[in-house]
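Engineer: Data file query_17.pdb (PDB, C-alpha atoms, pLDDT in the B column) is appended below.
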```
ATOM      1  CA  MET A   1      10.524  63.720  -8.788  1.00 78.00           C
ATOM      2  CA  GLN A   2      11.392  61.075 -11.335  1.00 95.00           C
ATOM      3  CA  THR A   3      14.277  59.787  -9.195  1.00 95.00           C
ATOM      4  CA  ALA A   4      11.972  59.284  -6.218  1.00 95.00           C
ATOM      5  CA  ALA A   5       9.513  57.329  -8.370  1.00 95.00           C
ATOM      6  CA  ILE A   6      12.316  55.088  -9.636  1.00 96.00           C
ATOM      7  CA  LEU A   7      13.554  54.415  -6.087  1.00 96.00           C
ATOM      8  CA  ILE A   8      10.028  53.590  -4.930  1.00 96.00           C
ATOM      9  CA  ASP A   9       9.599  51.205  -7.873  1.00 96.00           C
ATOM     10  CA  ILE A  10      12.916  49.505  -7.070  1.00 96.00           C
ATOM     11  CA  GLY A  11      11.846  49.085  -3.439  1.00 96.00           C
ATOM     12  CA  LYS A  12       8.457  47.758  -4.494  1.00 97.00           C
ATOM     13  CA  TYR A  13       9.968  45.133  -6.805  1.00 97.00           C
ATOM     14  CA  TYR A  14      12.566  44.179  -4.184  1.00 97.00           C
ATOM     15  CA  LEU A  15       9.831  43.525  -1.611  1.00 96.00           C
ATOM     16  CA  MET A  16       7.693  41.668  -4.169  1.00 96.00           C
ATOM     17  CA  ALA A  17      10.643  39.378  -4.890  1.00 97.00           C
ATOM     18  CA  GLY A  18      11.117  39.002  -1.140  1.00 96.00           C
ATOM     19  CA  GLY A  19       7.479  38.017  -0.726  1.00 96.00           C
ATOM     20  CA  LEU A  20       7.847  35.349  -3.398  1.00 96.00           C
ATOM     21  CA  VAL A  21      11.031  34.001  -1.802  1.00 96.00           C
ATOM     22  CA  ALA A  22       9.368  34.050   1.635  1.00 95.00           C
ATOM     23  CA  ALA A  23       6.388  32.076   0.360  1.00 95.00           C
ATOM     24  CA  LEU A  24       8.570  29.470  -1.341  1.00 94.00           C
ATOM     25  CA  PHE A  25      11.034  29.235   1.519  1.00 93.00           C
ATOM     26  CA  LEU A  26       8.403  28.892   4.236  1.00 91.00           C
ATOM     27  CA  VAL A  27       6.497  26.221   2.307  1.00 90.00           C
ATOM     28  CA  ILE A  28       9.384  24.223   0.840  1.00 89.00           C
ATOM     29  CA  GLY A  29      12.784  25.241   2.154  1.00 87.00           C
ATOM     30  CA  ILE A  30      12.614  25.856   5.872  1.00 87.00           C
ATOM     31  CA  ASP A  31      12.200  22.162   6.708  1.00 83.00           C
ATOM     32  CA  GLN A  32      15.297  21.346   4.686  1.00 80.00           C
ATOM     33  CA  VAL A  33      17.439  24.204   5.968  1.00 82.00           C
ATOM     34  CA  GLU A  34      16.447  24.072   9.642  1.00 81.00           C
ATOM     35  CA  PRO A  35      15.478  20.572  10.819  1.00 80.00           C
ATOM     36  CA  SER A  36      14.178  21.839  14.171  1.00 82.00           C
ATOM     37  CA  ALA A  37      11.519  23.870  12.324  1.00 81.00           C
ATOM     38  CA  ARG A  38       9.667  20.756  11.192  1.00 82.00           C
ATOM     39  CA  GLY A  39       6.105  20.779  12.452  1.00 80.00           C
ATOM     40  CA  SER A  40       6.304  24.342  13.783  1.00 81.00           C
ATOM     41  CA  HIS A  41       3.857  26.155  11.540  1.00 81.00           C
ATOM     42  CA  VAL A  42       2.645  28.824  13.935  1.00 87.00           C
ATOM     43  CA  PHE A  43       5.849  30.898  13.982  1.00 86.00           C
ATOM     44  CA  ARG A  44       6.415  30.893  10.209  1.00 88.00           C
ATOM     45  CA  PRO A  45       4.305  33.993   9.449  1.00 90.00           C
ATOM     46  CA  LEU A  46       6.497  35.901  11.901  1.00 92.00           C
ATOM     47  CA  LEU A  47       9.471  35.282   9.612  1.00 92.00           C
ATOM     48  CA  ILE A  48       7.893  36.891   6.535  1.00 94.00           C
ATOM     49  CA  PRO A  49       9.020  40.527   7.179  1.00 95.00           C
ATOM     50  CA  GLY A  50      12.604  39.480   7.847  1.00 95.00           C
ATOM     51  CA  ILE A  51      12.777  37.211   4.812  1.00 95.00           C
ATOM     52  CA  CYS A  52      11.339  39.983   2.618  1.00 95.00           C
ATOM     53  CA  LEU A  53      14.203  42.245   3.663  1.00 96.00           C
ATOM     54  CA  ILE A  54      17.115  39.797   3.492  1.00 96.00           C
ATOM     55  CA  TRP A  55      15.868  37.478   0.746  1.00 96.00           C
ATOM     56  CA  PRO A  56      19.173  37.429  -1.198  1.00 97.00           C
ATOM     57  CA  LEU A  57      20.916  36.037   1.908  1.00 95.00           C
ATOM     58  CA  VAL A  58      18.106  33.514   2.442  1.00 94.00           C
ATOM     59  CA  LEU A  59      18.433  32.309  -1.154  1.00 94.00           C
ATOM     60  CA  TYR A  60      22.201  32.042  -0.817  1.00 93.00           C
ATOM     61  CA  ARG A  61      22.031  30.015   2.430  1.00 91.00           C
ATOM     62  CA  TRP A  62      19.287  27.812   1.006  1.00 90.00           C
ATOM     63  CA  TYR A  63      21.409  27.136  -2.087  1.00 91.00           C
ATOM     64  CA  VAL A  64      24.561  26.385  -0.063  1.00 90.00           C
ATOM     65  CA  LEU A  65      22.771  24.024   2.305  1.00 87.00           C
ATOM     66  CA  GLU A  66      21.004  22.237  -0.552  1.00 85.00           C
ATOM     67  CA  LYS A  67      24.254  21.837  -2.474  1.00 86.00           C
ATOM     68  CA  HIS A  68      26.600  20.915   0.375  1.00 82.00           C
ATOM     69  CA  GLY A  69      24.193  19.659   3.034  1.00 72.00           C
ATOM     70  CA  GLU A  70      25.282  19.776   6.663  1.00 65.00           C
ATOM     71  CA  ALA A  71      28.926  20.245   5.603  1.00 55.00           C
ATOM     72  CA  GLY A  72      28.024  23.730   4.314  1.00 54.00           C
ATOM     73  CA  ARG A  73      27.162  24.968   7.806  1.00 57.00           C
TER      74      ARG A  73
END
```
Output the file's structure as structure tokens, nothing else.
Structural biologist:
Amino acid sequence: MQTAAILIDIGKYYLMAGGLVAALFLVIGIDQVEPSARGSHVFRPLLIPGICLIWPLVLYRWYVLEKHGEAGR
């Protein structure tokens, strides 16, 4: 029973971190990473579940594109 509780806690913290990354990315980063997303605010909430699941990849791509710009693509 203790193992299940630990796994649930790990999943909970993973999704909480994903929610934080999603909020920051959708407010600040998406315009910088994807220029065609500028001004399109209606579809952004649809991205939240996906970002919550793959937030480490989102952070990595955001970092690479901020550091290297268009050459990092």
Engineer: Figure out the distance between CA of Leu57 in chain A and CA of Met16 in chain A, please, to one decimal in Å.
Structural biologist: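 Value for the CA of Met16 in chain A-CA of Leu57 in chain A distance: 15.6 Å.
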Engineer: Let me know the centre plus edge lengths, in Å and rounded to one decimal, of a box with edges along x, y and z that contains all listed atoms of range 60-69 of chain A and is padded by 5 Å on every side, as lines of an AutoDock Vina configuration file.
Structural biologist:
```
center_x = 22.9
center_y = 25.9
center_z = 0.3
size_x = 17.3
size_y = 22.4
size_z = 15.5
```
Engineer: Excluding Trp55 in chain A and its own-chain neighbours fewer than 6 positions away, which residues fall within 12 Å of it when counting all atoms listed in the file? Please give them as a PDB file with C-alpha atoms, in the frame of the given file.
Structural biologist:
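So result-v2.pdb came out as:
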```
ATOM      1  CA  TYR A  14      12.566  44.179  -4.184  1.00 97.00           C
ATOM      2  CA  LEU A  15       9.831  43.525  -1.611  1.00 96.00           C
ATOM      3  CA  MET A  16       7.693  41.668  -4.169  1.00 96.00           C
ATOM      4  CA  ALA A  17      10.643  39.378  -4.890  1.00 97.00           C
ATOM      5  CA  GLY A  18      11.117  39.002  -1.140  1.00 96.00           C
ATOM      6  CA  GLY A  19       7.479  38.017  -0.726  1.00 96.00           C
ATOM      7  CA  LEU A  20       7.847  35.349  -3.398  1.00 96.00           C
ATOM      8  CA  VAL A  21      11.031  34.001  -1.802  1.00 96.00           C
ATOM      9  CA  ALA A  22       9.368  34.050   1.635  1.00 95.00           C
ATOM     10  CA  ALA A  23       6.388  32.076   0.360  1.00 95.00           C
ATOM     11  CA  LEU A  24       8.570  29.470  -1.341  1.00 94.00           C
ATOM     12  CA  PHE A  25      11.034  29.235   1.519  1.00 93.00           C
ATOM     13  CA  LEU A  26       8.403  28.892   4.236  1.00 91.00           C
ATOM     14  CA  LEU A  47       9.471  35.282   9.612  1.00 92.00           C
ATOM     15  CA  ILE A  48       7.893  36.891   6.535  1.00 94.00           C
ATOM     16  CA  PRO A  49       9.020  40.527   7.179  1.00 95.00           C
ATOM     17  CA  ARG A  61      22.031  30.015   2.430  1.00 91.00           C
ATOM     18  CA  TRP A  62      19.287  27.812   1.006  1.00 90.00           C
TER      19      TRP A  62
END
```
Engineer: Which one is closest to Asp31 in chain A: A:Pro56, A:Lys67, A:Gly11, A:Arg44? Count only C-alpha atoms.
Structural biologist: A:Arg44
Engineer: Extract, using all atoms listed in the file, all DNA, RNA and protein residues at most 12 Å from Gly69 in chain A, discarding same-chain residues fewer than 4 positions from it, and format them as an MDAnalysis selection string.
Structural biologist: chainID A and resid 32:35 61:65 73
Engineer: Suppose we keep C-alpha atoms; can you now write the selection as a CSV table (one decimal), in the frame of the given file?
Structural biologist:
```csv
chain,number,residue,atom,x,y,z
A,32,GLN,CA,15.3,21.3,4.7
A,33,VAL,CA,17.4,24.2,6.0
A,34,GLU,CA,16.4,24.1,9.6
A,35,PRO,CA,15.5,20.6,10.8
A,61,ARG,CA,22.0,30.0,2.4
A,62,TRP,CA,19.3,27.8,1.0
A,63,TYR,CA,21.4,27.1,-2.1
A,64,VAL,CA,24.6,26.4,-0.1
A,65,LEU,CA,22.8,24.0,2.3
A,73,ARG,CA,27.2,25.0,7.8
```
Engineer: Select, from A:Cys52, A:Ile10, A:Leu59, A:Val27, the residue with the minimum atom-to-atom distance to Ser40 in chain A, counting all atoms listed in the file.
Structural biologist: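 Result for the nearest residue to Ser40 in chain A: A:Val27.
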Engineer: Considering only C-alpha atoms, state which residue in the set A:Ile30, A:Leu53, A:Ala37, A:Pro45 is at the smallest distance from Tyr13 in chain A.
Structural biologist: A:Leu53
Engineer: Between CA of Glu66 in chain A and CA of Gly29 in chain A, what distance in Å does the model show, to one decimal?
Structural biologist: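 One can read the CA of Glu66 in chain A to CA of Gly29 in chain A distance as 9.2 Å.
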Engineer: Record the distance separating CA of His68 in chain A and CA of Arg38 in chain A, expressed in Å with one decimal.
Structural biologist: 20.1 Å
Engineer: N, CA and C atoms are needed for range 24-55 of chain A; please write them out as a tab-separated table (two decimals), in the frame of the given file.
Structural biologist:
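Listing of rebuild34.tsv after writing:
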```
chain	number	residue	atom	x	y	z
A	24	LEU	N	7.93	30.72	-0.94
A	24	LEU	CA	8.57	29.47	-1.34
A	24	LEU	C	9.40	28.87	-0.21
A	25	PHE	N	10.16	29.72	0.46
A	25	PHE	CA	11.03	29.24	1.52
A	25	PHE	C	10.23	28.67	2.69
A	26	LEU	N	9.17	29.35	3.08
A	26	LEU	CA	8.40	28.89	4.24
A	26	LEU	C	7.58	27.64	3.93
A	27	VAL	N	7.25	27.41	2.67
A	27	VAL	CA	6.50	26.22	2.31
A	27	VAL	C	7.42	25.05	2.02
A	28	ILE	N	8.52	25.30	1.31
A	28	ILE	CA	9.38	24.22	0.84
A	28	ILE	C	10.70	24.14	1.61
A	29	GLY	N	11.40	25.27	1.75
A	29	GLY	CA	12.78	25.24	2.15
A	29	GLY	C	13.10	25.20	3.62
A	30	ILE	N	12.24	25.73	4.46
A	30	ILE	CA	12.61	25.86	5.87
A	30	ILE	C	12.81	24.49	6.53
A	31	ASP	N	12.04	23.50	6.13
A	31	ASP	CA	12.20	22.16	6.71
A	31	ASP	C	13.53	21.54	6.32
A	32	GLN	N	14.03	21.89	5.15
A	32	GLN	CA	15.30	21.35	4.69
A	32	GLN	C	16.49	22.09	5.27
A	33	VAL	N	16.34	23.39	5.46
A	33	VAL	CA	17.44	24.20	5.97
A	33	VAL	C	17.57	24.10	7.48
A	34	GLU	N	16.44	24.12	8.18
A	34	GLU	CA	16.45	24.07	9.64
A	34	GLU	C	15.59	22.90	10.11
A	35	PRO	N	16.23	21.77	10.42
A	35	PRO	CA	15.48	20.57	10.82
A	35	PRO	C	14.60	20.77	12.06
A	36	SER	N	14.98	21.64	12.96
A	36	SER	CA	14.18	21.84	14.17
A	36	SER	C	12.89	22.61	13.89
A	37	ALA	N	12.73	23.14	12.68
A	37	ALA	CA	11.52	23.87	12.32
A	37	ALA	C	10.41	22.95	11.81
A	38	ARG	N	10.68	21.70	11.68
A	38	ARG	CA	9.67	20.76	11.19
A	38	ARG	C	8.50	20.70	12.17
A	39	GLY	N	7.31	20.86	11.64
A	39	GLY	CA	6.10	20.78	12.45
A	39	GLY	C	5.74	22.06	13.17
A	40	SER	N	6.59	23.06	13.12
A	40	SER	CA	6.30	24.34	13.78
A	40	SER	C	5.76	25.33	12.75
A	41	HIS	N	4.47	25.32	12.57
A	41	HIS	CA	3.86	26.16	11.54
A	41	HIS	C	3.34	27.48	12.07
A	42	VAL	N	3.23	27.61	13.37
A	42	VAL	CA	2.64	28.82	13.94
A	42	VAL	C	3.60	30.02	13.84
A	43	PHE	N	4.90	29.79	13.98
A	43	PHE	CA	5.85	30.90	13.98
A	43	PHE	C	6.25	31.34	12.59
A	44	ARG	N	5.96	30.58	11.56
A	44	ARG	CA	6.42	30.89	10.21
A	44	ARG	C	5.95	32.24	9.69
A	45	PRO	N	4.70	32.65	9.91
A	45	PRO	CA	4.30	33.99	9.45
A	45	PRO	C	5.12	35.12	10.08
A	46	LEU	N	5.67	34.88	11.26
A	46	LEU	CA	6.50	35.90	11.90
A	46	LEU	C	7.82	36.13	11.16
A	47	LEU	N	8.22	35.17	10.35
A	47	LEU	CA	9.47	35.28	9.61
A	47	LEU	C	9.34	36.06	8.31
A	48	ILE	N	8.12	36.27	7.84
A	48	ILE	CA	7.89	36.89	6.54
A	48	ILE	C	8.55	38.28	6.41
A	49	PRO	N	8.38	39.21	7.36
A	49	PRO	CA	9.02	40.53	7.18
A	49	PRO	C	10.55	40.44	7.08
A	50	GLY	N	11.15	39.61	7.89
A	50	GLY	CA	12.60	39.48	7.85
A	50	GLY	C	13.09	38.87	6.55
A	51	ILE	N	12.39	37.85	6.07
A	51	ILE	CA	12.78	37.21	4.81
A	51	ILE	C	12.60	38.18	3.65
A	52	CYS	N	11.55	39.00	3.68
A	52	CYS	CA	11.34	39.98	2.62
A	52	CYS	C	12.49	40.99	2.53
A	53	LEU	N	13.10	41.27	3.66
A	53	LEU	CA	14.20	42.24	3.66
A	53	LEU	C	15.55	41.63	3.30
A	54	ILE	N	15.80	40.40	3.74
A	54	ILE	CA	17.11	39.80	3.49
A	54	ILE	C	17.01	38.58	2.57
A	55	TRP	N	16.10	38.63	1.60
A	55	TRP	CA	15.87	37.48	0.75
A	55	TRP	C	17.09	37.05	-0.06
```
